[in-house]
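Student: Have a look at the structure that comes next, please.
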Amino acid sequence: MVGKKRDKKERDRVRSEYHTRIPRMVFNAIIAFFVLLLSSTIPPMLEGVEIPGIQVEPFNKADWLMWVSLMLIALIFAVRLLYDLMSLMNVTVDLFFRRGEVKPARRIVSDITYILLTIVVAAAVAPLLGSIKTIGTTLQVGVSLLALGLIAFYVYDIGRTIYEVVESKADWVADWLAAIAENLRRKEEKGGSKRAPKKEKKRT
């Protein structure tokens, strides 16, 4: 009875999370897409306009600053979208997996989400850095290498988590088979002792 109540509370919590986060995810996705559209239409209107007092390119160009600002705004909404997605995946994992399996499953889901987040951030930041003269290409290469390193780390963590789960399951199966074999051996020993002929009493 207590277990059923707990399951009902868990389902209600998951339902509440879905009702709260899905509309917010849709809103963030729409805003991010809209801002991306603005980043391709507004900056060209400011082409050639320079900001007085700033002599460092491209920071003195109004179109570049507008483009960077819009891209950062879109990135913020994209990160919020991924955060809500990760939260939904976590509560879904809690619902469909047993307690002992929640932690590794959630860890794998989190790693996958972090991989997606790394890709999104790298894809958004690389063009911004590439537009900087002199060191832009170097910064792009640095961001790409950093992103690859993070992705490799998360992939390794996923593999290690899966290996640990499989190893623990294999140990459990081995112990289970050993217990079955031990029970069969004991039954055979008991059966053999029952079938053993009784010794005849010596006649006096």
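Each chain in the structure tokens gets a letter, A, B, ..., in the order shown, and its residues are numbered from 1; ligands are numbered from 1 in order too.
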Write out as JSON, numbers by chain each polymer residue whose atoms come within 9 Å of Leu116 in chain A, counting only C-alpha atoms; drop sequence neighbours fewer than 5 positions from it.
Tutor: {"A": [82, 111, 121, 151]}
Student: Quick one: everything within 12 Å of range 68-72 of chain A, counting only C-alpha atoms, minus sequence neighbours fewer than 3 positions away in the same chain. Send it as a PyMOL selection string.
Tutor: chain A and resi 31-43+58-59+61-65+75-79+120-121+123-132
Student: Would you put the residues from that selection into a file with N, CA and C atoms, as a CSV table (one decimal), in the first residue's frame?
Tutor:
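And here's again.csv as it stands now:
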chain,number,residue,atom,x,y,z
A,31,ILE,N,12.0,31.5,-28.8
A,31,ILE,CA,12.8,32.7,-28.6
A,31,ILE,C,14.2,32.6,-29.2
A,32,ALA,N,14.8,31.4,-29.0
A,32,ALA,CA,16.2,31.2,-29.5
A,32,ALA,C,16.2,31.3,-31.0
A,33,PHE,N,15.2,30.6,-31.6
A,33,PHE,CA,15.1,30.6,-33.1
A,33,PHE,C,14.8,32.0,-33.6
A,34,PHE,N,13.9,32.7,-32.9
A,34,PHE,CA,13.6,34.1,-33.4
A,34,PHE,C,14.8,35.0,-33.3
A,35,VAL,N,15.6,34.9,-32.2
A,35,VAL,CA,16.8,35.7,-32.0
A,35,VAL,C,17.8,35.4,-33.1
A,36,LEU,N,17.9,34.1,-33.4
A,36,LEU,CA,18.8,33.7,-34.5
A,36,LEU,C,18.4,34.3,-35.8
A,37,LEU,N,17.1,34.4,-36.1
A,37,LEU,CA,16.7,35.1,-37.3
A,37,LEU,C,17.1,36.5,-37.3
A,38,LEU,N,16.9,37.2,-36.1
A,38,LEU,CA,17.3,38.6,-36.0
A,38,LEU,C,18.8,38.8,-36.2
A,39,SER,N,19.6,37.8,-35.8
A,39,SER,CA,21.0,38.0,-35.9
A,39,SER,C,21.5,37.9,-37.4
A,40,SER,N,20.6,37.4,-38.2
A,40,SER,CA,20.9,37.4,-39.7
A,40,SER,C,20.3,38.6,-40.4
A,41,THR,N,19.4,39.3,-39.8
A,41,THR,CA,18.8,40.4,-40.5
A,41,THR,C,19.2,41.8,-40.0
A,42,ILE,N,19.3,42.0,-38.7
A,42,ILE,CA,19.6,43.3,-38.1
A,42,ILE,C,21.0,43.7,-38.3
A,43,PRO,N,22.0,42.9,-38.0
A,43,PRO,CA,23.4,43.3,-38.2
A,43,PRO,C,23.8,43.9,-39.6
A,58,PRO,N,37.2,43.7,-34.1
A,58,PRO,CA,35.9,44.2,-34.7
A,58,PRO,C,35.0,44.8,-33.6
A,59,PHE,N,35.6,45.2,-32.4
A,59,PHE,CA,34.8,45.7,-31.3
A,59,PHE,C,34.3,47.1,-31.6
A,61,LYS,N,32.8,47.9,-34.4
A,61,LYS,CA,31.8,47.8,-35.5
A,61,LYS,C,30.5,47.5,-34.9
A,62,ALA,N,29.5,48.3,-35.2
A,62,ALA,CA,28.2,48.1,-34.6
A,62,ALA,C,27.5,46.9,-35.0
A,63,ASP,N,27.7,46.5,-36.3
A,63,ASP,CA,27.1,45.3,-36.8
A,63,ASP,C,27.6,44.0,-36.1
A,64,TRP,N,28.9,44.0,-35.9
A,64,TRP,CA,29.5,42.9,-35.2
A,64,TRP,C,29.0,42.8,-33.7
A,65,LEU,N,29.0,43.9,-33.0
A,65,LEU,CA,28.5,43.9,-31.6
A,65,LEU,C,27.1,43.5,-31.6
A,75,LEU,N,22.0,32.0,-27.3
A,75,LEU,CA,22.7,30.9,-26.6
A,75,LEU,C,22.2,30.7,-25.2
A,76,ILE,N,21.8,31.8,-24.5
A,76,ILE,CA,21.2,31.7,-23.2
A,76,ILE,C,19.9,30.9,-23.2
A,77,PHE,N,19.1,31.2,-24.2
A,77,PHE,CA,17.8,30.5,-24.3
A,77,PHE,C,18.0,29.1,-24.7
A,78,ALA,N,19.0,28.8,-25.5
A,78,ALA,CA,19.3,27.4,-25.9
A,78,ALA,C,19.8,26.6,-24.6
A,79,VAL,N,20.6,27.2,-23.8
A,79,VAL,CA,21.1,26.6,-22.6
A,79,VAL,C,20.0,26.3,-21.6
A,120,VAL,N,26.5,22.7,-28.6
A,120,VAL,CA,25.8,23.9,-28.8
A,120,VAL,C,26.6,25.2,-28.5
A,121,VAL,N,27.3,25.1,-27.4
A,121,VAL,CA,28.1,26.3,-26.9
A,121,VAL,C,29.3,26.4,-27.9
A,123,ALA,N,29.5,25.5,-31.0
A,123,ALA,CA,29.0,26.0,-32.3
A,123,ALA,C,28.6,27.5,-32.3
A,124,ALA,N,28.2,28.0,-31.1
A,124,ALA,CA,27.8,29.4,-31.0
A,124,ALA,C,29.0,30.3,-30.8
A,125,VAL,N,30.0,29.8,-30.0
A,125,VAL,CA,31.1,30.6,-29.6
A,125,VAL,C,32.2,30.7,-30.7
A,126,ALA,N,32.4,29.6,-31.5
A,126,ALA,CA,33.4,29.5,-32.5
A,126,ALA,C,33.3,30.6,-33.5
A,127,PRO,N,32.1,30.9,-34.1
A,127,PRO,CA,32.0,32.0,-35.1
A,127,PRO,C,32.3,33.4,-34.4
A,128,LEU,N,31.9,33.5,-33.2
A,128,LEU,CA,32.2,34.8,-32.5
A,128,LEU,C,33.7,35.0,-32.4
A,129,LEU,N,34.4,34.0,-32.0
A,129,LEU,CA,35.8,34.1,-31.9
A,129,LEU,C,36.5,34.2,-33.2
A,130,GLY,N,36.0,33.5,-34.2
A,130,GLY,CA,36.6,33.6,-35.5
A,130,GLY,C,36.6,34.9,-36.2
A,131,SER,N,35.6,35.7,-35.8
A,131,SER,CA,35.5,37.1,-36.4
A,131,SER,C,36.5,38.1,-35.8
A,132,ILE,N,37.2,37.7,-34.8
A,132,ILE,CA,38.2,38.6,-34.2
A,132,ILE,C,39.5,38.4,-35.0
Student: In Å, how far is it from CA of Val26 in chain A to CA of Leu81 in chain A?
Tutor: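 Interatomic distance here is 8.1 Å.
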Student: For each of A:Arg107, A:Lys8, A:Arg186, A:Lys133, take the minimum atom-to-atom distance to Ile162 in chain A, counting only C-alpha atoms, then give the residue where this is smallest.
Tutor: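 Closest residue, counting only C-alpha atoms: A:Arg107.
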Student: Work out how far apart CA of Arg11 in chain A and CA of Arg24 in chain A are and give it in Å to one decimal.
Tutor: 20.0 Å
Student: What separation in Å, quoted to one decimal, exists between CA of Val141 in chain A and CA of Gly48 in chain A?
Tutor: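 Spanning CA of Val141 in chain A to CA of Gly48 in chain A is a straight-line distance of 28.3 Å.
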Student: What lies within 9 Å of Ser110 in chain A using only C-alpha atoms, ignoring chain neighbours under 4 positions off, as a list in words?
Tutor: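 Listing them by chain and then by number gives Met86, Met89, Asn90, Ala105, Arg106, Tyr114 and Ile115 of chain A.
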Student: When distances are computed from only C-alpha atoms, which of A:Ala178, A:Asp171, A:Glu50, A:Ile112 shows the smallest separation from Ala152 in chain A?
Tutor: A:Ile112
Student: Nearest residue to Ile51 in chain A out of A:Thr92, A:Leu146, A:Glu167, A:Met66, using only C-alpha atoms?
Tutor: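 The shortest atom-to-atom distance to Ile51 in chain A comes from A:Met66.
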